[in-house]
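Report on the following structure.
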Amino acid sequence: MDKYFPKLRWVILILGFAISTFGVYIIGKRFTQDYVPVFICPINREGTIDGACYKLSHLNGLFGVTPWVDIGLFFLGVALFIVIFGRMLCGFLCPLGFIQDLVFKFRSSINGSSVIRFGSRDNSSVNLVKWGFLFVFFGICAFGINFCDLCPVKAVTPLIAGGKLELHMSFFVTVIVVVGSFFKYRFWCNVCPLGYFVGVFHKFSLFRLKKNCQACTECGYCYEACPMEIKSIYTERKKSNITTCDCLFCSDCIKVCPEDQALKITFLGKAIYTSSREAFFYNNSGLQGKKDEP
């Protein structure tokens with residue numbers, strides 16, 4: 001299973017994108033009461049489910065016209081998603097994450113050179129931008145501004161599903177995100193307000209990223225592979241739970257870890273993906289089937 005987990009992630013990403021973008025064409029039904037805390041455009045009526053982003057970024061409208069029972073059910077549903085999945089939703093389900101992965105994979109196929117990294121010196125600036133976006137996400141409605149006009153998803157998934165939209169600022173934001181994703185892996189995820197909001201509750205999530213510090217040889221591959229540049233994956237020498245608010249559970253750190261049992265993703269304490277030398281060679285070196293050769 002460990003060898004095929006990265007491929008499984010891609011299967012789930014593709015299915016999630018298909019269902020959230022034009023799932024009505026596939027299953028012929030729309031579940032209007034399900035709100036997943038990722039960016040899924042509510043303007044696209046061909047998607048099977050809605051994202052919680054619209055209601056969370058329009059709290060004045062939510063509390064102004066929605067019955068209290070529905071408000072309670074909405075926040076309960078969002079809370080359950082966050083507790084059960086955490087930012088696993090970002091790494092496995094978010095349609096914008098899938099688009100960023102495609103863009104970066106295309107870049108990797110035509111140019112294998114090193115990618116842009118923010119680096120520790122710039123991380124304080126990135127954190128400032130994240131908090132700024134989070135404030136804008138929740139507070140911009142108070143100034144009569146629609147966050148959807150800034151959202152990069154609005155310019156992508158509705159158009160893919162065949163909708164017609166008037167694109168304003170969101171078009172330019174989308175161009176920045178797509179171009180940025182070409183040079184920086186998961187560019188938008190580094191500043192995504194909704195993802196950061198979900199990540200704030202990472203201590204309650206049932207999914208965890210764990211590390212066996214004794215098995216770690218400090219090679220640094222995990223840090224180099226991490227799209228969020230989470231340095232504690234590499235530097236932590238005591239704690240076993242190294243989940244942070246930034247972790248997308250993309251599993252790239254585990255994929256490139258060459259040591260048995262050094263890193264793993266767990267659910268309710270049970271490992272579902274663990275680093276191993278066999279999986280490392282299978283996924284990274286093209287040596288599958290050759291380990292027994294003389």
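Simple scheme: letters A, B, ... for chains in structure tokens order, numbers from 1 for residues in each chain, numbers from 1 for ligands in the order shown.
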Query raised in the report: Counting only C-alpha atoms, what is within 12 Å of range 74-83 of chain A, bar same-chain residues fewer than 2 positions away, as a ChimeraX atom specification?
Result: /A:32-38,50-56,59,62-63,66-72,85-90,93,194-208,245,267-268
Query raised in the report: Got a sec to tell me which of range 20-106 of chain A DSSP assigns to helix (DSSP H, G or I), as a PyMOL selection string?
Result: chain A and resi 20-27+53-56+59-65+68-85+88-92+95-106
Output of the above residues as a short mmCIF file (atom, residue, chain, number, x, y, z; two decimals), in the first residue's frame, restricted to N, CA and C atoms:
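Output file out-v8.cif is given in full below:
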data_model
loop_
_atom_site.label_atom_id
_atom_site.label_comp_id
_atom_site.auth_asym_id
_atom_site.auth_seq_id
_atom_site.Cartn_x
_atom_site.Cartn_y
_atom_site.Cartn_z
N SER A 20 -16.83 17.86 -7.79
CA SER A 20 -17.07 19.23 -7.35
C SER A 20 -17.28 20.19 -8.51
N THR A 21 -16.79 19.83 -9.71
CA THR A 21 -16.89 20.74 -10.85
C THR A 21 -18.08 20.43 -11.75
N PHE A 22 -18.26 19.16 -12.14
CA PHE A 22 -19.41 18.82 -12.99
C PHE A 22 -19.99 17.48 -12.58
N GLY A 23 -20.14 17.30 -11.26
CA GLY A 23 -20.66 16.04 -10.74
C GLY A 23 -22.11 15.77 -11.10
N VAL A 24 -22.88 16.84 -11.34
CA VAL A 24 -24.29 16.65 -11.71
C VAL A 24 -24.40 15.90 -13.02
N TYR A 25 -23.44 16.15 -13.94
CA TYR A 25 -23.42 15.42 -15.20
C TYR A 25 -23.15 13.94 -14.97
N ILE A 26 -22.41 13.65 -13.90
CA ILE A 26 -21.99 12.27 -13.65
C ILE A 26 -23.05 11.47 -12.89
N ILE A 27 -23.53 12.04 -11.76
CA ILE A 27 -24.47 11.29 -10.92
C ILE A 27 -25.89 11.86 -10.97
N CYS A 53 -16.83 28.04 1.68
CA CYS A 53 -16.15 29.32 1.53
C CYS A 53 -17.13 30.48 1.36
N TYR A 54 -18.21 30.26 0.60
CA TYR A 54 -19.13 31.38 0.34
C TYR A 54 -19.80 31.85 1.63
N LYS A 55 -20.32 30.93 2.41
CA LYS A 55 -21.00 31.31 3.64
C LYS A 55 -20.03 31.89 4.67
N LEU A 56 -18.82 31.33 4.74
CA LEU A 56 -17.85 31.83 5.71
C LEU A 56 -17.35 33.23 5.34
N LEU A 59 -20.52 36.26 6.16
CA LEU A 59 -21.16 36.02 7.46
C LEU A 59 -22.33 36.97 7.71
N ASN A 60 -22.25 38.17 7.15
CA ASN A 60 -23.37 39.10 7.33
C ASN A 60 -24.64 38.56 6.70
N GLY A 61 -24.51 37.93 5.54
CA GLY A 61 -25.66 37.33 4.89
C GLY A 61 -26.13 36.08 5.60
N LEU A 62 -25.16 35.29 6.11
CA LEU A 62 -25.50 34.05 6.79
C LEU A 62 -26.34 34.33 8.04
N PHE A 63 -25.89 35.28 8.84
CA PHE A 63 -26.61 35.58 10.09
C PHE A 63 -27.79 36.52 9.87
N GLY A 64 -27.84 37.13 8.70
CA GLY A 64 -28.92 38.09 8.47
C GLY A 64 -30.22 37.46 8.02
N VAL A 65 -30.15 36.37 7.24
CA VAL A 65 -31.39 35.82 6.65
C VAL A 65 -31.58 34.32 6.93
N TRP A 68 -31.69 30.11 12.53
CA TRP A 68 -30.65 29.71 13.46
C TRP A 68 -30.38 28.20 13.43
N VAL A 69 -31.41 27.44 13.16
CA VAL A 69 -31.22 25.99 13.08
C VAL A 69 -30.29 25.65 11.92
N ASP A 70 -30.52 26.30 10.76
CA ASP A 70 -29.67 26.05 9.59
C ASP A 70 -28.25 26.55 9.82
N ILE A 71 -28.12 27.67 10.53
CA ILE A 71 -26.79 28.19 10.85
C ILE A 71 -26.03 27.18 11.72
N GLY A 72 -26.73 26.65 12.72
CA GLY A 72 -26.11 25.65 13.59
C GLY A 72 -25.70 24.40 12.84
N LEU A 73 -26.57 23.93 11.93
CA LEU A 73 -26.25 22.74 11.15
C LEU A 73 -25.07 22.99 10.22
N PHE A 74 -25.02 24.21 9.67
CA PHE A 74 -23.90 24.55 8.78
C PHE A 74 -22.57 24.48 9.54
N PHE A 75 -22.49 25.15 10.68
CA PHE A 75 -21.24 25.17 11.45
C PHE A 75 -20.92 23.78 12.02
N LEU A 76 -21.94 23.01 12.36
CA LEU A 76 -21.70 21.65 12.83
C LEU A 76 -21.10 20.80 11.73
N GLY A 77 -21.65 20.91 10.51
CA GLY A 77 -21.12 20.14 9.39
C GLY A 77 -19.69 20.52 9.06
N VAL A 78 -19.41 21.83 9.05
CA VAL A 78 -18.05 22.29 8.77
C VAL A 78 -17.09 21.81 9.85
N ALA A 79 -17.52 21.88 11.10
CA ALA A 79 -16.68 21.44 12.22
C ALA A 79 -16.36 19.95 12.11
N LEU A 80 -17.34 19.15 11.72
CA LEU A 80 -17.12 17.71 11.57
C LEU A 80 -16.09 17.43 10.48
N PHE A 81 -16.21 18.13 9.35
CA PHE A 81 -15.24 17.96 8.28
C PHE A 81 -13.83 18.32 8.75
N ILE A 82 -13.73 19.42 9.50
CA ILE A 82 -12.42 19.88 9.96
C ILE A 82 -11.82 18.89 10.96
N VAL A 83 -12.65 18.40 11.88
CA VAL A 83 -12.16 17.46 12.90
C VAL A 83 -11.75 16.13 12.26
N ILE A 84 -12.56 15.64 11.35
CA ILE A 84 -12.28 14.33 10.76
C ILE A 84 -11.11 14.40 9.79
N PHE A 85 -11.11 15.40 8.92
CA PHE A 85 -10.13 15.42 7.83
C PHE A 85 -9.03 16.46 8.01
N MET A 88 -6.20 17.53 5.31
CA MET A 88 -6.22 16.44 4.34
C MET A 88 -7.15 16.82 3.18
N LEU A 89 -8.17 17.65 3.46
CA LEU A 89 -9.07 18.14 2.42
C LEU A 89 -8.30 18.94 1.38
N CYS A 90 -7.30 19.71 1.83
CA CYS A 90 -6.51 20.52 0.91
C CYS A 90 -5.65 19.65 0.00
N GLY A 91 -5.06 18.63 0.57
CA GLY A 91 -4.16 17.78 -0.18
C GLY A 91 -4.84 16.78 -1.08
N PHE A 92 -6.10 16.46 -0.77
CA PHE A 92 -6.78 15.38 -1.49
C PHE A 92 -8.06 15.78 -2.21
N PRO A 95 -10.36 21.45 -5.42
CA PRO A 95 -10.18 21.53 -6.89
C PRO A 95 -9.07 22.49 -7.29
N LEU A 96 -8.87 23.57 -6.53
CA LEU A 96 -7.79 24.49 -6.86
C LEU A 96 -6.43 23.84 -6.58
N GLY A 97 -6.36 23.00 -5.55
CA GLY A 97 -5.14 22.25 -5.30
C GLY A 97 -4.82 21.31 -6.44
N PHE A 98 -5.85 20.68 -7.00
CA PHE A 98 -5.67 19.78 -8.14
C PHE A 98 -5.13 20.54 -9.35
N ILE A 99 -5.70 21.72 -9.62
CA ILE A 99 -5.24 22.54 -10.74
C ILE A 99 -3.78 22.96 -10.55
N GLN A 100 -3.43 23.36 -9.32
CA GLN A 100 -2.04 23.73 -9.04
C GLN A 100 -1.10 22.55 -9.24
N ASP A 101 -1.53 21.37 -8.82
CA ASP A 101 -0.71 20.18 -9.00
C ASP A 101 -0.49 19.87 -10.48
N LEU A 102 -1.55 20.05 -11.29
CA LEU A 102 -1.42 19.82 -12.72
C LEU A 102 -0.45 20.79 -13.36
N VAL A 103 -0.57 22.06 -12.98
CA VAL A 103 0.32 23.08 -13.54
C VAL A 103 1.76 22.78 -13.19
N PHE A 104 2.01 22.43 -11.93
CA PHE A 104 3.38 22.16 -11.51
C PHE A 104 3.90 20.87 -12.13
N LYS A 105 3.04 19.88 -12.28
CA LYS A 105 3.47 18.63 -12.91
C LYS A 105 3.83 18.88 -14.37
N PHE A 106 3.08 19.74 -15.04
CA PHE A 106 3.40 20.09 -16.42
C PHE A 106 4.76 20.77 -16.48
#
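The coordinates place CA of Cys216 in chain A at 22.0 Å from CA of Gly119 in chain A.
Relative to CA of Gly16 in chain A, CA of Val256 in chain A is found at 24.8 Å.
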Query raised in the report: With only C-alpha atoms as the basis for distance, which of A:Thr243, A:Met228, A:Cys41, A:Gly269 is at the shortest distance from Cys151 in chain A?
Result: A:Cys41
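Ranking A:Val191, A:Val115, A:Arg186, A:Lys154 by their shortest atom-to-atom distance to Asn127 in chain A, with only C-alpha atoms included, puts A:Val191 first.
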All strand (DSSP E) residues (DSSP, backbone) inside range 28-219 of chain A, as an mmCIF file with N, CA and C atoms, in the first residue's frame:
data_model
loop_
_atom_site.group_PDB
_atom_site.id
_atom_site.type_symbol
_atom_site.label_atom_id
_atom_site.label_comp_id
_atom_site.auth_asym_id
_atom_site.auth_seq_id
_atom_site.Cartn_x
_atom_site.Cartn_y
_atom_site.Cartn_z
ATOM 1 N N TYR A 35 -21.535 21.227 2.790
ATOM 2 C CA TYR A 35 -20.594 22.323 2.572
ATOM 3 C C TYR A 35 -19.204 21.889 3.027
ATOM 4 N N VAL A 36 -18.342 21.624 2.068
ATOM 5 C CA VAL A 36 -16.996 21.163 2.374
ATOM 6 C C VAL A 36 -16.085 22.382 2.527
ATOM 7 N N ASP A 50 -21.266 21.935 -2.411
ATOM 8 C CA ASP A 50 -20.858 23.327 -2.288
ATOM 9 C C ASP A 50 -19.685 23.452 -1.330
ATOM 10 N N GLY A 51 -18.909 24.506 -1.522
ATOM 11 C CA GLY A 51 -17.854 24.816 -0.578
ATOM 12 C C GLY A 51 -18.391 25.700 0.534
ATOM 13 N N PHE A 207 -6.557 13.111 11.566
ATOM 14 C CA PHE A 207 -5.375 12.788 10.770
ATOM 15 C C PHE A 207 -4.175 13.504 11.375
ATOM 16 N N ARG A 208 -3.053 12.803 11.464
ATOM 17 C CA ARG A 208 -1.837 13.382 12.031
ATOM 18 C C ARG A 208 -0.628 12.981 11.184
ATOM 19 N N LEU A 209 0.361 13.869 11.176
ATOM 20 C CA LEU A 209 1.659 13.534 10.602
ATOM 21 C C LEU A 209 2.600 13.230 11.753
ATOM 22 N N LYS A 210 3.149 12.027 11.768
ATOM 23 C CA LYS A 210 3.987 11.586 12.884
ATOM 24 C C LYS A 210 5.430 11.337 12.401
ATOM 25 N N LYS A 211 6.352 11.482 13.358
ATOM 26 C CA LYS A 211 7.765 11.289 13.054
ATOM 27 C C LYS A 211 8.429 10.441 14.124
#
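The closest residue to Asn284 in chain A, picked from A:Cys189, A:Pro6, A:Lys130, A:Ala262 and counting only C-alpha atoms, is A:Pro6.
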Requested in this report: Write out as a ChimeraX atom specification which residues come within 8 Å of Ile230 in chain A when counting only C-alpha atoms, dropping same-chain ones fewer than 6 positions away.
Outcome: /A:223,246-247
Generate a file of the selected residues that holds C-alpha atoms, formatted as a PDB file, in the first residue's frame.
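Full text of part-v4.pdb as output:
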ATOM      1  CA  TYR A 223      11.923  19.671   3.911  1.00  0.00           C
ATOM      2  CA  ASP A 246       0.292  24.488   7.293  1.00  0.00           C
ATOM      3  CA  CYS A 247       0.520  20.759   6.577  1.00  0.00           C
TER       4      CYS A 247
END
Query raised in the report: If you count only C-alpha atoms, which residues fall within 10 Å of Gly163 in chain A, apart from same-chain ones fewer than 4 positions away, as JSON, numbers by chain?
Result: {"A": [43, 44, 45, 46, 156, 157, 158, 159]}
Requested in this report: Write out as a list in words each polymer residue whose atoms come within 9 Å of Phe183 in chain A, counting only C-alpha atoms; drop sequence neighbours fewer than 4 positions from it.
Outcome: Phe104, Arg107, Val115, Ile116, Arg117, Val179 and Phe187 of chain A
Query - Ile233 in chain A surroundings by only C-alpha atoms, 12 Å radius, close-in-sequence under 6 positions cut, as an MDAnalysis selection string - result: chainID A and resid 209:213 216 218:226 239:244 246:247 251:254 257 262:264
Restricting the output to C-alpha atoms, write the selected residues as a PDB file, in the first residue's frame.
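Okay, this is what ended up in selection-v6.pdb:
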ATOM      1  CA  LEU A 209       1.659  13.534  10.602  1.00  0.00           C
ATOM      2  CA  LYS A 210       3.987  11.586  12.884  1.00  0.00           C
ATOM      3  CA  LYS A 211       7.765  11.289  13.054  1.00  0.00           C
ATOM      4  CA  ASN A 212      10.074   8.706  14.579  1.00  0.00           C
ATOM      5  CA  CYS A 213      12.969  10.983  15.518  1.00  0.00           C
ATOM      6  CA  CYS A 216      15.431  10.098  11.092  1.00  0.00           C
ATOM      7  CA  GLU A 218      18.470  14.306   8.997  1.00  0.00           C
ATOM      8  CA  CYS A 219      18.934  13.983   5.247  1.00  0.00           C
ATOM      9  CA  GLY A 220      16.586  16.942   4.680  1.00  0.00           C
ATOM     10  CA  TYR A 221      14.697  15.390   1.755  1.00  0.00           C
ATOM     11  CA  CYS A 222      11.364  15.939   3.516  1.00  0.00           C
ATOM     12  CA  TYR A 223      11.923  19.671   3.911  1.00  0.00           C
ATOM     13  CA  GLU A 224      13.044  20.054   0.298  1.00  0.00           C
ATOM     14  CA  ALA A 225       9.934  18.221  -0.941  1.00  0.00           C
ATOM     15  CA  CYS A 226       7.402  20.025   1.263  1.00  0.00           C
ATOM     16  CA  LYS A 239       8.034  15.220  19.454  1.00  0.00           C
ATOM     17  CA  SER A 240       6.351  12.483  17.479  1.00  0.00           C
ATOM     18  CA  ASN A 241       3.343  14.563  16.400  1.00  0.00           C
ATOM     19  CA  ILE A 242       4.690  17.104  13.913  1.00  0.00           C
ATOM     20  CA  THR A 243       1.350  18.169  12.424  1.00  0.00           C
ATOM     21  CA  THR A 244       1.161  21.923  11.888  1.00  0.00           C
ATOM     22  CA  ASP A 246       0.292  24.488   7.293  1.00  0.00           C
ATOM     23  CA  CYS A 247       0.520  20.759   6.577  1.00  0.00           C
ATOM     24  CA  SER A 251       2.457  13.064   1.637  1.00  0.00           C
ATOM     25  CA  ASP A 252       5.413  14.279  -0.430  1.00  0.00           C
ATOM     26  CA  CYS A 253       7.660  14.279   2.639  1.00  0.00           C
ATOM     27  CA  ILE A 254       6.891  10.606   3.218  1.00  0.00           C
ATOM     28  CA  CYS A 257      11.893   9.781   2.976  1.00  0.00           C
ATOM     29  CA  ALA A 262      10.611   7.641   9.998  1.00  0.00           C
ATOM     30  CA  LEU A 263       7.475   9.489   8.823  1.00  0.00           C
ATOM     31  CA  LYS A 264       3.857   8.422   8.628  1.00  0.00           C
TER      32      LYS A 264
END
What lies within 10 Å of Asn283 in chain A using only C-alpha atoms, ignoring chain neighbours under 5 positions off, as a PDB file with N, CA and C atoms, in the first residue's frame?
ATOM      1  N   ASP A   2       1.965   1.267   0.766  1.00  0.00           N
ATOM      2  CA  ASP A   2       2.805   2.449   0.859  1.00  0.00           C
ATOM      3  C   ASP A   2       3.360   2.870  -0.502  1.00  0.00           C
ATOM      4  N   LYS A   3       3.637   1.889  -1.364  1.00  0.00           N
ATOM      5  CA  LYS A   3       4.192   2.203  -2.670  1.00  0.00           C
ATOM      6  C   LYS A   3       3.186   2.927  -3.558  1.00  0.00           C
ATOM      7  N   TYR A   4       1.898   2.639  -3.352  1.00  0.00           N
ATOM      8  CA  TYR A   4       0.882   3.143  -4.263  1.00  0.00           C
ATOM      9  C   TYR A   4       0.086   4.320  -3.689  1.00  0.00           C
ATOM     10  N   PHE A   5       0.405   4.734  -2.473  1.00  0.00           N
ATOM     11  CA  PHE A   5      -0.344   5.817  -1.847  1.00  0.00           C
ATOM     12  C   PHE A   5      -0.298   7.114  -2.659  1.00  0.00           C
ATOM     13  N   PRO A   6       0.868   7.552  -3.193  1.00  0.00           N
ATOM     14  CA  PRO A   6       0.878   8.769  -4.014  1.00  0.00           C
ATOM     15  C   PRO A   6      -0.041   8.684  -5.228  1.00  0.00           C
ATOM     16  N   LYS A   7      -0.128   7.501  -5.831  1.00  0.00           N
ATOM     17  CA  LYS A   7      -1.034   7.325  -6.968  1.00  0.00           C
ATOM     18  C   LYS A   7      -2.484   7.388  -6.514  1.00  0.00           C
ATOM     19  N   LYS A 255       6.935  10.377   0.828  1.00  0.00           N
ATOM     20  CA  LYS A 255       7.338   9.783  -0.449  1.00  0.00           C
ATOM     21  C   LYS A 255       8.840   9.838  -0.660  1.00  0.00           C
ATOM     22  N   VAL A 256       9.475  10.938  -0.220  1.00  0.00           N
ATOM     23  CA  VAL A 256      10.913  11.088  -0.466  1.00  0.00           C
ATOM     24  C   VAL A 256      11.769  10.657   0.715  1.00  0.00           C
ATOM     25  N   ARG A 277      12.123   2.312   2.727  1.00  0.00           N
ATOM     26  CA  ARG A 277      13.146   2.336   1.692  1.00  0.00           C
ATOM     27  C   ARG A 277      12.619   1.742   0.390  1.00  0.00           C
ATOM     28  N   GLU A 278      11.820   0.690   0.509  1.00  0.00           N
ATOM     29  CA  GLU A 278      11.266   0.056  -0.687  1.00  0.00           C
ATOM     30  C   GLU A 278      10.399   1.037  -1.459  1.00  0.00           C
ATOM     31  N   GLN A 288      12.178  -0.028  -9.032  1.00  0.00           N
ATOM     32  CA  GLN A 288      11.286  -1.105  -8.648  1.00  0.00           C
ATOM     33  C   GLN A 288      11.598  -2.351  -9.475  1.00  0.00           C
TER      34      GLN A 288
END
